[in-house]
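Chemist: What follows is work.cif; its format and atoms are mmCIF, C-alpha atoms.
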```cif
data_work
#
loop_
_atom_site.group_PDB
_atom_site.id
_atom_site.type_symbol
_atom_site.label_atom_id
_atom_site.label_comp_id
_atom_site.auth_asym_id
_atom_site.auth_seq_id
_atom_site.Cartn_x
_atom_site.Cartn_y
_atom_site.Cartn_z
ATOM 1 C CA MET A 685 -130.191 -14.241 113.442
ATOM 2 C CA TYR A 686 -133.058 -13.520 111.029
ATOM 3 C CA LYS A 687 -135.571 -14.158 113.780
ATOM 4 C CA ASP A 688 -133.902 -11.594 116.065
ATOM 5 C CA ILE A 689 -133.729 -8.987 113.279
ATOM 6 C CA THR A 690 -137.411 -9.538 112.445
ATOM 7 C CA ILE A 691 -138.482 -9.143 116.068
ATOM 8 C CA GLU A 692 -136.296 -6.074 116.721
ATOM 9 C CA LEU A 693 -137.281 -4.369 113.465
ATOM 10 C CA THR A 694 -141.004 -5.019 114.007
ATOM 11 C CA VAL A 695 -140.970 -3.840 117.623
ATOM 12 C CA GLY A 696 -138.842 -0.812 116.701
ATOM 13 C CA PHE A 697 -141.176 0.096 113.842
ATOM 14 C CA PHE A 698 -144.325 0.070 115.967
ATOM 15 C CA THR A 699 -142.616 1.852 118.863
ATOM 16 C CA LEU A 700 -141.471 4.613 116.488
ATOM 17 C CA LEU A 701 -144.975 4.828 115.038
ATOM 18 C CA PHE A 702 -146.422 5.087 118.525
ATOM 19 C CA MET A 703 -143.997 7.873 119.509
ATOM 20 C CA LEU A 704 -144.695 9.844 116.324
ATOM 21 C CA LYS A 705 -148.427 9.627 117.022
ATOM 22 C CA ILE A 706 -147.840 11.071 120.484
ATOM 23 C CA LEU A 707 -145.490 13.813 119.262
ATOM 24 C CA GLY A 708 -148.029 14.883 116.647
ATOM 25 C CA LYS A 709 -148.042 15.920 112.979
ATOM 26 C CA ILE A 710 -146.210 19.159 113.751
ATOM 27 C CA GLN A 711 -142.984 17.160 113.563
ATOM 28 C CA PHE A 712 -143.500 16.899 109.806
ATOM 29 C CA SER A 713 -145.551 19.919 108.878
ATOM 30 C CA GLN A 714 -143.094 22.464 110.317
ATOM 31 C CA ILE A 715 -139.711 20.784 110.532
ATOM 32 C CA THR A 716 -137.078 22.880 112.304
ATOM 33 C CA PRO A 717 -133.375 21.925 112.583
ATOM 34 C CA PHE A 718 -134.104 20.548 116.070
ATOM 35 C CA ASP A 719 -136.981 18.382 114.756
ATOM 36 C CA PHE A 720 -134.788 17.123 111.904
ATOM 37 C CA ILE A 721 -132.037 16.008 114.291
ATOM 38 C CA THR A 722 -134.446 14.323 116.704
ATOM 39 C CA GLY A 723 -136.101 12.447 113.846
ATOM 40 C CA MET A 724 -132.747 11.178 112.568
ATOM 41 C CA VAL A 725 -131.707 10.025 116.030
ATOM 42 C CA LEU A 726 -134.968 8.126 116.540
ATOM 43 C CA GLY A 727 -134.446 6.316 113.240
ATOM 44 C CA ASN A 728 -130.814 5.549 114.040
ATOM 45 C CA PHE A 729 -131.792 3.993 117.364
ATOM 46 C CA VAL A 730 -133.654 1.288 115.481
ATOM 47 C CA GLY A 731 -131.220 0.974 112.562
ATOM 48 C CA ASP A 732 -128.061 0.665 114.657
ATOM 49 C CA SER A 733 -129.519 -1.599 117.310
ATOM 50 C CA ILE A 734 -130.806 -4.184 114.804
ATOM 51 C CA PHE A 735 -127.279 -5.204 113.842
ATOM 52 C CA ASP A 736 -125.844 -4.858 117.347
ATOM 53 C CA GLU A 737 -125.879 -8.315 118.914
ATOM 54 C CA ASN A 738 -125.500 -6.841 122.402
ATOM 55 C CA THR A 739 -128.728 -4.853 122.137
ATOM 56 C CA ASN A 740 -132.073 -6.505 122.900
ATOM 57 C CA VAL A 741 -135.646 -5.500 122.120
ATOM 58 C CA PHE A 742 -136.292 -3.950 125.541
ATOM 59 C CA GLU A 743 -133.269 -1.662 125.214
ATOM 60 C CA ILE A 744 -134.525 -0.485 121.795
ATOM 61 C CA VAL A 745 -137.981 0.281 123.183
ATOM 62 C CA PHE A 746 -136.517 2.019 126.240
ATOM 63 C CA SER A 747 -134.196 4.183 124.090
ATOM 64 C CA ILE A 748 -136.986 5.257 121.732
ATOM 65 C CA ILE A 749 -139.430 6.035 124.555
ATOM 66 C CA LEU A 750 -136.807 7.970 126.559
ATOM 67 C CA TRP A 751 -135.757 10.018 123.518
ATOM 68 C CA GLY A 752 -139.390 10.614 122.595
ATOM 69 C CA LEU A 753 -140.098 11.740 126.170
ATOM 70 C CA LEU A 754 -137.206 14.239 125.991
ATOM 71 C CA ILE A 755 -138.588 15.608 122.703
ATOM 72 C CA TYR A 756 -142.058 15.890 124.248
ATOM 73 C CA ILE A 757 -140.656 17.807 127.241
ATOM 74 C CA VAL A 758 -138.786 20.204 124.941
ATOM 75 C CA GLU A 759 -141.921 20.748 122.829
ATOM 76 C CA PHE A 760 -143.927 21.414 125.994
ATOM 77 C CA LEU A 761 -141.360 23.900 127.302
ATOM 78 C CA THR A 762 -141.154 25.740 123.974
ATOM 79 C CA GLN A 763 -144.921 26.271 124.105
ATOM 80 C CA LYS A 764 -144.595 27.831 127.562
ATOM 81 C CA SER A 765 -141.435 29.921 127.106
ATOM 82 C CA LEU A 766 -140.610 32.332 124.274
ATOM 83 C CA VAL A 767 -136.927 32.246 125.222
ATOM 84 C CA LEU A 768 -136.712 28.450 124.943
ATOM 85 C CA ARG A 769 -138.791 28.525 121.758
ATOM 86 C CA SER A 770 -136.293 30.884 120.153
ATOM 87 C CA PHE A 771 -133.380 28.731 121.332
ATOM 88 C CA PHE A 772 -134.711 25.401 120.034
ATOM 89 C CA GLU A 773 -136.695 26.527 116.979
ATOM 90 C CA GLY A 774 -134.832 29.691 115.976
ATOM 91 C CA LYS A 775 -136.376 32.992 114.901
ATOM 92 C CA PRO A 776 -137.446 34.296 111.487
ATOM 93 C CA SER A 777 -134.956 36.625 109.789
ATOM 94 C CA ILE A 778 -135.872 39.555 107.530
ATOM 95 C CA LEU A 779 -133.556 39.206 104.522
ATOM 96 C CA ILE A 780 -135.090 42.049 102.520
ATOM 97 C CA ASN A 781 -136.549 44.940 104.484
ATOM 98 C CA LYS A 782 -138.482 47.709 102.698
ATOM 99 C CA GLY A 783 -136.898 46.667 99.407
ATOM 100 C CA GLN A 784 -133.343 46.749 100.792
ATOM 101 C CA ILE A 785 -131.212 43.586 100.959
ATOM 102 C CA ASP A 786 -129.830 42.998 104.458
ATOM 103 C CA PHE A 787 -126.402 41.525 103.708
ATOM 104 C CA GLN A 788 -125.634 40.930 107.399
ATOM 105 C CA LYS A 789 -128.758 38.799 107.824
ATOM 106 C CA LEU A 790 -127.837 36.826 104.699
ATOM 107 C CA LYS A 791 -124.353 36.228 106.058
ATOM 108 C CA LYS A 792 -125.684 35.249 109.502
ATOM 109 C CA ASN A 793 -127.984 32.644 107.926
ATOM 110 C CA HIS A 794 -125.228 31.355 105.594
ATOM 111 C CA LEU A 795 -127.065 32.404 102.440
ATOM 112 C CA ASP A 796 -125.617 34.048 99.351
ATOM 113 C CA LEU A 797 -127.426 36.092 96.704
ATOM 114 C CA ASN A 798 -127.667 33.149 94.295
ATOM 115 C CA GLN A 799 -129.439 31.065 96.937
ATOM 116 C CA LEU A 800 -131.762 33.970 97.727
ATOM 117 C CA GLN A 801 -132.614 34.328 94.019
ATOM 118 C CA HIS A 802 -133.302 30.598 93.831
ATOM 119 C CA LEU A 803 -135.703 30.765 96.803
ATOM 120 C CA LEU A 804 -137.472 33.774 95.286
ATOM 121 C CA ARG A 805 -137.890 32.082 91.890
ATOM 122 C CA LYS A 806 -139.585 29.152 93.630
ATOM 123 C CA GLN A 807 -142.106 31.688 94.975
ATOM 124 C CA GLY A 808 -142.655 33.137 91.479
ATOM 125 C CA TYR A 809 -140.473 36.255 91.716
ATOM 126 C CA PHE A 810 -137.617 36.569 89.246
ATOM 127 C CA SER A 811 -136.075 39.810 90.456
ATOM 128 C CA LEU A 812 -134.916 40.912 93.887
ATOM 129 C CA TYR A 813 -136.408 44.324 93.129
ATOM 130 C CA GLU A 814 -139.952 42.925 92.864
ATOM 131 C CA VAL A 815 -140.204 42.305 96.606
ATOM 132 C CA GLU A 816 -140.675 44.613 99.572
ATOM 133 C CA TYR A 817 -140.054 42.066 102.331
ATOM 134 C CA VAL A 818 -138.517 38.593 102.406
ATOM 135 C CA ILE A 819 -138.586 36.623 105.659
ATOM 136 C CA LEU A 820 -136.568 33.443 106.174
ATOM 137 C CA GLU A 821 -138.696 31.124 108.320
ATOM 138 C CA GLN A 822 -137.424 28.594 110.875
ATOM 139 C CA ASP A 823 -137.988 25.677 108.493
ATOM 140 C CA GLY A 824 -135.770 27.209 105.779
ATOM 141 C CA ASN A 825 -138.591 28.433 103.529
ATOM 142 C CA ILE A 826 -139.188 32.092 102.768
ATOM 143 C CA SER A 827 -142.290 34.263 103.036
ATOM 144 C CA VAL A 828 -142.556 37.088 100.509
ATOM 145 C CA ALA A 829 -144.433 40.386 100.527
ATOM 146 C CA PRO A 830 -144.131 41.798 96.976
ATOM 147 C CA LYS A 831 -144.025 45.450 96.055
ATOM 148 C CA HIS A 832 -147.406 46.924 95.164
ATOM 149 C CA ALA A 833 -146.729 46.894 91.402
ATOM 150 C CA TYR A 834 -145.961 43.132 91.477
ATOM 151 C CA ALA A 835 -148.647 41.980 93.913
ATOM 152 C CA THR A 836 -151.497 39.791 92.697
ATOM 153 C CA PRO A 837 -154.756 41.789 92.891
ATOM 154 C CA THR A 838 -157.391 40.406 95.235
ATOM 155 C CA LYS A 839 -160.978 39.646 94.236
ATOM 156 C CA GLU A 840 -162.071 42.485 96.475
ATOM 157 C CA GLU A 841 -159.872 44.920 94.543
ATOM 158 C CA LEU A 842 -161.235 43.587 91.238
ATOM 159 C CA LYS A 843 -164.816 43.904 92.537
ATOM 160 C CA ILE A 844 -165.577 40.246 91.822
ATOM 161 C CA ALA A 845 -168.838 39.087 93.402
ATOM 162 C CA GLU A 846 -168.466 36.796 96.394
ATOM 163 C CA LYS A 847 -169.043 33.108 95.727
ATOM 164 C CA LYS A 848 -169.671 30.443 98.325
ATOM 165 C CA VAL A 849 -166.758 28.043 98.794
ATOM 166 C CA ASN A 850 -167.728 24.365 98.953
ATOM 167 C CA LEU A 851 -165.456 21.569 100.112
ATOM 168 C CA ALA A 852 -164.899 18.622 97.770
ATOM 169 C CA TYR A 853 -165.218 15.111 99.215
ATOM 170 C CA ALA A 854 -163.627 12.015 97.699
ATOM 171 C CA VAL A 855 -166.237 9.246 97.823
ATOM 172 C CA ILE A 856 -164.448 6.527 95.816
ATOM 173 C CA LEU A 857 -160.702 5.893 95.692
ATOM 174 C CA ASP A 858 -159.204 2.982 93.747
ATOM 175 C CA GLY A 859 -162.569 1.252 93.456
ATOM 176 C CA LYS A 860 -163.324 1.487 97.193
ATOM 177 C CA VAL A 861 -166.042 3.607 98.805
ATOM 178 C CA ASP A 862 -165.070 6.116 101.494
ATOM 179 C CA LYS A 863 -168.014 5.517 103.799
ATOM 180 C CA GLN A 864 -166.888 8.188 106.264
ATOM 181 C CA ASN A 865 -167.032 10.919 103.603
ATOM 182 C CA LEU A 866 -170.411 9.659 102.394
ATOM 183 C CA LYS A 867 -171.695 9.944 105.951
ATOM 184 C CA GLU A 868 -170.268 13.475 106.260
ATOM 185 C CA LEU A 869 -172.209 14.440 103.135
ATOM 186 C CA GLY A 870 -175.418 12.901 104.449
ATOM 187 C CA PHE A 871 -175.568 10.301 101.647
ATOM 188 C CA ASP A 872 -175.499 6.504 101.598
ATOM 189 C CA GLU A 873 -174.395 3.785 99.180
ATOM 190 C CA HIS A 874 -177.874 3.544 97.662
ATOM 191 C CA TRP A 875 -177.590 7.196 96.587
ATOM 192 C CA LEU A 876 -174.047 6.621 95.305
ATOM 193 C CA LYS A 877 -175.043 3.600 93.198
ATOM 194 C CA LEU A 878 -177.928 5.597 91.743
ATOM 195 C CA GLN A 879 -175.572 8.428 90.762
ATOM 196 C CA LEU A 880 -173.105 5.987 89.191
ATOM 197 C CA SER A 881 -175.828 4.226 87.237
ATOM 198 C CA LYS A 882 -176.683 7.564 85.603
ATOM 199 C CA GLN A 883 -173.165 7.455 84.171
ATOM 200 C CA GLN A 884 -173.517 3.803 83.079
ATOM 201 C CA ILE A 885 -171.306 2.506 85.903
ATOM 202 C CA ASN A 886 -172.523 -0.559 87.761
ATOM 203 C CA ASP A 887 -169.494 -1.510 89.863
ATOM 204 C CA TYR A 888 -167.286 0.479 92.223
ATOM 205 C CA LYS A 889 -164.271 -1.428 90.887
ATOM 206 C CA ASP A 890 -164.624 0.393 87.560
ATOM 207 C CA VAL A 891 -164.057 3.734 89.285
ATOM 208 C CA LEU A 892 -160.558 5.086 89.830
ATOM 209 C CA PHE A 893 -161.685 8.235 91.619
ATOM 210 C CA ALA A 894 -165.003 9.939 92.351
ATOM 211 C CA GLU A 895 -165.552 13.265 94.058
ATOM 212 C CA TRP A 896 -168.624 15.162 95.217
ATOM 213 C CA GLN A 897 -168.830 18.938 95.408
ATOM 214 C CA GLU A 898 -172.011 20.933 95.864
ATOM 215 C CA ASP A 899 -171.415 23.187 92.844
ATOM 216 C CA SER A 900 -170.469 20.463 90.359
ATOM 217 C CA GLY A 901 -172.112 17.313 91.746
ATOM 218 C CA LEU A 902 -170.475 13.907 91.368
ATOM 219 C CA GLN A 903 -167.427 13.798 89.101
ATOM 220 C CA VAL A 904 -166.076 10.365 88.158
ATOM 221 C CA SER A 905 -162.814 9.126 86.672
ATOM 222 C CA LYS A 906 -162.994 5.549 85.383
ATOM 223 C CA TYR A 907 -160.100 3.149 85.026
ATOM 224 C CA GLU A 908 -158.626 3.420 81.552
ATOM 225 C CA TYR A 909 -157.064 0.158 80.428
ATOM 226 C CA SER A 910 -154.590 0.271 77.556
ATOM 227 C CA SER A 911 -155.260 -2.239 74.815
#
```
Starting from the file, lay out its structure as structure tokens.
Modeler:
Amino acid sequence: MYKDITIELTVGFFTLLFMLKILGKIQFSQITPFDFITGMVLGNFVGDSIFDENTNVFEIVFSIILWGLLIYIVEFLTQKSLVLRSFFEGKPSILINKGQIDFQKLKKNHLDLNQLQHLLRKQGYFSLYEVEYVILEQDGNISVAPKHAYATPTKEELKIAEKKVNLAYAVILDGKVDKQNLKELGFDEHWLKLQLSKQQINDYKDVLFAEWQEDSGLQVSKYEYSS
């Protein structure tokens, strides 16, 4: 019994992981109602089959691969056809257009004014009259274009001088060196140890987090142990 569960759960886990790798990160970064349903079904295939004595490992793998293949085909078709994309992923809806609330669009998307206010507050707007456009995206989030008086001024408008943007690289996490990031920066461990020694640190294990950025150099957070 326990042996069968262990085998089925392990095989199901790695098969799911394999399918998610193939389907790509888009499944999580932009979840639509279709993606949500397909994800639940994939998980249920494994969960239900583990406790079904009539289901073997090969049937679990076959079910997951077949369902994953169907998802892949749908994703492929939605990239090729705007009509199918609209059907499976839905279309954005303009809830507020030129400052006017579109009650019909709210009703169509099963939203009331309280829910709309809640979504706006999460975006930093506390009045419906502060926004010019509100678009409900396919994933349920909203995009907001505020009225001119409530818009955040840009650096260009404020005449702030342009400053080069530099990417920050984590070089130590939980006492372990990220050798890939060091290589990206063009440094090695000899350089890193030299930098740490300047801050009286002789062992990576004493470092909780360390980050390198061109403007600020190496910034280090040590482990703080409570007494």
Chemist: Name the residues in contact with segment 774-791 of chain A at a cut-off of 9 Å, using all atoms listed in the file, excluding same-chain residues fewer than 4 positions from it; report them as a ChimeraX atom specification.
Modeler: /A:716-717,769-770,795-797,800,812-822,831
Chemist: As a check of understanding, name the residues that the PyMOL selection byres ((chain A and resi 848) around 12) selects in the supplied structure, as a PyMOL selection string.
Modeler: chain A and resi 845-847+849-851+897-899
Chemist: How many Å separate atom CA of Glu773 of chain A from atom CA of Lys792 of chain A?
Modeler: 15.9 Å
Chemist: What is the atom CA of Lys860 of chain A-atom CA of Lys889 of chain A distance in Å, reported with one decimal?
Modeler: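 Rounded to one decimal, the two atoms are 7.0 Å apart.
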Chemist: Provide an axis-aligned box for all listed atoms of segment 797-810 of chain A, padding each side by 6 Å; report its centre and its edge lengths in Å to one decimal, as lines of an AutoDock Vina configuration file.
Modeler:
```
center_x = -135.0
center_y = 32.9
center_z = 93.5
size_x = 27.2
size_y = 19.4
size_z = 20.5
```
Chemist: Distance atom CA of Gly859 of chain A-atom CA of Trp896 of chain A, one decimal place?
Modeler: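 These two atoms are separated by 15.3 Å.
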Chemist: Take the PyMOL selection byres ((chain A and resi 892) around 6), run it mentally on this structure, and tell me the resulting residues as a PDB file with C-alpha atoms, keeping the file's coordinate frame.
Modeler:
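Output below, filename selection-v5.pdb:
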```
ATOM      1  CA  LEU A 857    -160.702   5.893  95.692  1.00  0.00           C
ATOM      2  CA  ASP A 858    -159.204   2.982  93.747  1.00  0.00           C
ATOM      3  CA  GLY A 859    -162.569   1.252  93.456  1.00  0.00           C
ATOM      4  CA  VAL A 891    -164.057   3.734  89.285  1.00  0.00           C
ATOM      5  CA  PHE A 893    -161.685   8.235  91.619  1.00  0.00           C
ATOM      6  CA  SER A 905    -162.814   9.126  86.672  1.00  0.00           C
ATOM      7  CA  LYS A 906    -162.994   5.549  85.383  1.00  0.00           C
ATOM      8  CA  TYR A 907    -160.100   3.149  85.026  1.00  0.00           C
TER       9      TYR A 907
END
```
Chemist: With the PyMOL selection byres ((chain A and resi 894) around 6) as the selection, what would be picked from this file? Answer as a PDB file with C-alpha atoms, in the coordinates of the input, please.
Modeler:
```
ATOM      1  CA  ALA A 854    -163.627  12.015  97.699  1.00  0.00           C
ATOM      2  CA  VAL A 855    -166.237   9.246  97.823  1.00  0.00           C
ATOM      3  CA  ILE A 856    -164.448   6.527  95.816  1.00  0.00           C
ATOM      4  CA  PHE A 893    -161.685   8.235  91.619  1.00  0.00           C
ATOM      5  CA  GLU A 895    -165.552  13.265  94.058  1.00  0.00           C
ATOM      6  CA  GLN A 903    -167.427  13.798  89.101  1.00  0.00           C
ATOM      7  CA  VAL A 904    -166.076  10.365  88.158  1.00  0.00           C
TER       8      VAL A 904
END
```
Chemist: Of the candidates A:Phe771, A:Tyr809, A:Phe698, A:Tyr756, which one gets nearest to Ile744 of chain A if we count only C-alpha atoms?
Modeler: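 Selected residue with least distance to Ile744 of chain A: A:Phe698.
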Chemist: List the neighbours of Lys877 of chain A out to 8 Å using all atoms listed in the file; skip same-chain residues closer than 4 positions along the sequence, and give me the result as a PyMOL selection string.
Modeler: chain A and resi 873+881+886
Chemist: Starting from the incomplete input, reconstruct all heavy atoms of segment 756-767 of chain A and report them as a PDB file, in the frame of the given file.
Modeler:
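This is the output file result21.pdb:
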```pdb
ATOM      1  N   TYR A 756    -140.755  15.397 123.777  1.00  0.00           N
ATOM      2  CA  TYR A 756    -142.058  15.890 124.248  1.00  0.00           C
ATOM      3  C   TYR A 756    -141.879  16.991 125.295  1.00  0.00           C
ATOM      4  O   TYR A 756    -142.588  18.001 125.275  1.00  0.00           O
ATOM      5  CB  TYR A 756    -142.861  14.725 124.838  1.00  0.00           C
ATOM      6  CG  TYR A 756    -144.239  15.124 125.309  1.00  0.00           C
ATOM      7  CD1 TYR A 756    -145.292  15.204 124.415  1.00  0.00           C
ATOM      8  CD2 TYR A 756    -144.474  15.432 126.655  1.00  0.00           C
ATOM      9  CE1 TYR A 756    -146.565  15.584 124.840  1.00  0.00           C
ATOM     10  CE2 TYR A 756    -145.728  15.814 127.081  1.00  0.00           C
ATOM     11  CZ  TYR A 756    -146.774  15.885 126.177  1.00  0.00           C
ATOM     12  OH  TYR A 756    -148.016  16.263 126.591  1.00  0.00           O
ATOM     13  N   ILE A 757    -140.919  16.803 126.196  1.00  0.00           N
ATOM     14  CA  ILE A 757    -140.656  17.807 127.241  1.00  0.00           C
ATOM     15  C   ILE A 757    -140.189  19.117 126.610  1.00  0.00           C
ATOM     16  O   ILE A 757    -140.640  20.199 126.996  1.00  0.00           O
ATOM     17  CB  ILE A 757    -139.605  17.281 128.246  1.00  0.00           C
ATOM     18  CG1 ILE A 757    -140.197  16.133 129.062  1.00  0.00           C
ATOM     19  CG2 ILE A 757    -139.126  18.394 129.165  1.00  0.00           C
ATOM     20  CD1 ILE A 757    -139.199  15.411 129.927  1.00  0.00           C
ATOM     21  N   VAL A 758    -139.282  19.001 125.618  1.00  0.00           N
ATOM     22  CA  VAL A 758    -138.786  20.204 124.941  1.00  0.00           C
ATOM     23  C   VAL A 758    -139.923  20.914 124.226  1.00  0.00           C
ATOM     24  O   VAL A 758    -140.051  22.147 124.291  1.00  0.00           O
ATOM     25  CB  VAL A 758    -137.656  19.844 123.947  1.00  0.00           C
ATOM     26  CG1 VAL A 758    -137.317  21.040 123.048  1.00  0.00           C
ATOM     27  CG2 VAL A 758    -136.410  19.394 124.697  1.00  0.00           C
ATOM     28  N   GLU A 759    -140.788  20.147 123.532  1.00  0.00           N
ATOM     29  CA  GLU A 759    -141.921  20.748 122.829  1.00  0.00           C
ATOM     30  C   GLU A 759    -142.859  21.446 123.817  1.00  0.00           C
ATOM     31  O   GLU A 759    -143.387  22.524 123.543  1.00  0.00           O
ATOM     32  CB  GLU A 759    -142.697  19.672 122.045  1.00  0.00           C
ATOM     33  CG  GLU A 759    -141.932  19.047 120.898  1.00  0.00           C
ATOM     34  CD  GLU A 759    -141.765  20.002 119.731  1.00  0.00           C
ATOM     35  OE1 GLU A 759    -142.424  21.059 119.702  1.00  0.00           O
ATOM     36  OE2 GLU A 759    -140.954  19.687 118.841  1.00  0.00           O
ATOM     37  N   PHE A 760    -143.069  20.823 124.972  1.00  0.00           N
ATOM     38  CA  PHE A 760    -143.927  21.414 125.994  1.00  0.00           C
ATOM     39  C   PHE A 760    -143.332  22.719 126.515  1.00  0.00           C
ATOM     40  O   PHE A 760    -144.030  23.728 126.656  1.00  0.00           O
ATOM     41  CB  PHE A 760    -144.123  20.417 127.146  1.00  0.00           C
ATOM     42  CG  PHE A 760    -144.920  20.964 128.292  1.00  0.00           C
ATOM     43  CD1 PHE A 760    -146.306  21.015 128.221  1.00  0.00           C
ATOM     44  CD2 PHE A 760    -144.288  21.428 129.439  1.00  0.00           C
ATOM     45  CE1 PHE A 760    -147.051  21.532 129.278  1.00  0.00           C
ATOM     46  CE2 PHE A 760    -145.029  21.940 130.495  1.00  0.00           C
ATOM     47  CZ  PHE A 760    -146.410  21.987 130.414  1.00  0.00           C
ATOM     48  N   LEU A 761    -142.024  22.708 126.779  1.00  0.00           N
ATOM     49  CA  LEU A 761    -141.360  23.900 127.302  1.00  0.00           C
ATOM     50  C   LEU A 761    -141.348  25.038 126.287  1.00  0.00           C
ATOM     51  O   LEU A 761    -141.493  26.207 126.644  1.00  0.00           O
ATOM     52  CB  LEU A 761    -139.924  23.559 127.726  1.00  0.00           C
ATOM     53  CG  LEU A 761    -139.788  22.643 128.950  1.00  0.00           C
ATOM     54  CD1 LEU A 761    -138.328  22.283 129.186  1.00  0.00           C
ATOM     55  CD2 LEU A 761    -140.379  23.308 130.196  1.00  0.00           C
ATOM     56  N   THR A 762    -141.186  24.688 125.001  1.00  0.00           N
ATOM     57  CA  THR A 762    -141.154  25.740 123.974  1.00  0.00           C
ATOM     58  C   THR A 762    -142.520  26.406 123.806  1.00  0.00           C
ATOM     59  O   THR A 762    -142.608  27.554 123.364  1.00  0.00           O
ATOM     60  CB  THR A 762    -140.697  25.179 122.616  1.00  0.00           C
ATOM     61  OG1 THR A 762    -141.531  24.073 122.233  1.00  0.00           O
ATOM     62  CG2 THR A 762    -139.247  24.730 122.664  1.00  0.00           C
ATOM     63  N   GLN A 763    -143.585  25.671 124.150  1.00  0.00           N
ATOM     64  CA  GLN A 763    -144.921  26.271 124.105  1.00  0.00           C
ATOM     65  C   GLN A 763    -145.152  27.225 125.272  1.00  0.00           C
ATOM     66  O   GLN A 763    -145.969  28.143 125.185  1.00  0.00           O
ATOM     67  CB  GLN A 763    -145.988  25.167 124.121  1.00  0.00           C
ATOM     68  CG  GLN A 763    -146.021  24.337 122.853  1.00  0.00           C
ATOM     69  CD  GLN A 763    -147.007  23.187 122.949  1.00  0.00           C
ATOM     70  OE1 GLN A 763    -147.795  23.110 123.884  1.00  0.00           O
ATOM     71  NE2 GLN A 763    -146.964  22.281 121.991  1.00  0.00           N
ATOM     72  N   LYS A 764    -144.415  27.013 126.361  1.00  0.00           N
ATOM     73  CA  LYS A 764    -144.595  27.831 127.562  1.00  0.00           C
ATOM     74  C   LYS A 764    -143.625  29.007 127.636  1.00  0.00           C
ATOM     75  O   LYS A 764    -143.909  29.998 128.292  1.00  0.00           O
ATOM     76  CB  LYS A 764    -144.413  26.955 128.818  1.00  0.00           C
ATOM     77  CG  LYS A 764    -145.398  25.795 128.937  1.00  0.00           C
ATOM     78  CD  LYS A 764    -146.823  26.291 129.095  1.00  0.00           C
ATOM     79  CE  LYS A 764    -147.800  25.132 129.259  1.00  0.00           C
ATOM     80  NZ  LYS A 764    -149.201  25.596 129.382  1.00  0.00           N
ATOM     81  N   SER A 765    -142.467  28.895 126.974  1.00  0.00           N
ATOM     82  CA  SER A 765    -141.435  29.921 127.106  1.00  0.00           C
ATOM     83  C   SER A 765    -140.978  30.427 125.742  1.00  0.00           C
ATOM     84  O   SER A 765    -140.533  29.642 124.899  1.00  0.00           O
ATOM     85  CB  SER A 765    -140.235  29.348 127.878  1.00  0.00           C
ATOM     86  OG  SER A 765    -139.123  30.215 127.799  1.00  0.00           O
ATOM     87  N   LEU A 766    -141.068  31.731 125.524  1.00  0.00           N
ATOM     88  CA  LEU A 766    -140.610  32.332 124.274  1.00  0.00           C
ATOM     89  C   LEU A 766    -139.098  32.234 124.128  1.00  0.00           C
ATOM     90  O   LEU A 766    -138.573  32.082 123.018  1.00  0.00           O
ATOM     91  CB  LEU A 766    -141.048  33.792 124.206  1.00  0.00           C
ATOM     92  CG  LEU A 766    -142.549  34.042 124.025  1.00  0.00           C
ATOM     93  CD1 LEU A 766    -142.845  35.541 124.100  1.00  0.00           C
ATOM     94  CD2 LEU A 766    -143.033  33.481 122.689  1.00  0.00           C
ATOM     95  N   VAL A 767    -138.390  32.325 125.258  1.00  0.00           N
ATOM     96  CA  VAL A 767    -136.927  32.246 125.222  1.00  0.00           C
ATOM     97  C   VAL A 767    -136.478  30.872 124.755  1.00  0.00           C
ATOM     98  O   VAL A 767    -135.624  30.743 123.870  1.00  0.00           O
ATOM     99  CB  VAL A 767    -136.338  32.557 126.622  1.00  0.00           C
ATOM    100  CG1 VAL A 767    -134.821  32.346 126.612  1.00  0.00           C
ATOM    101  CG2 VAL A 767    -136.682  33.974 127.044  1.00  0.00           C
TER     102      VAL A 767
END
```
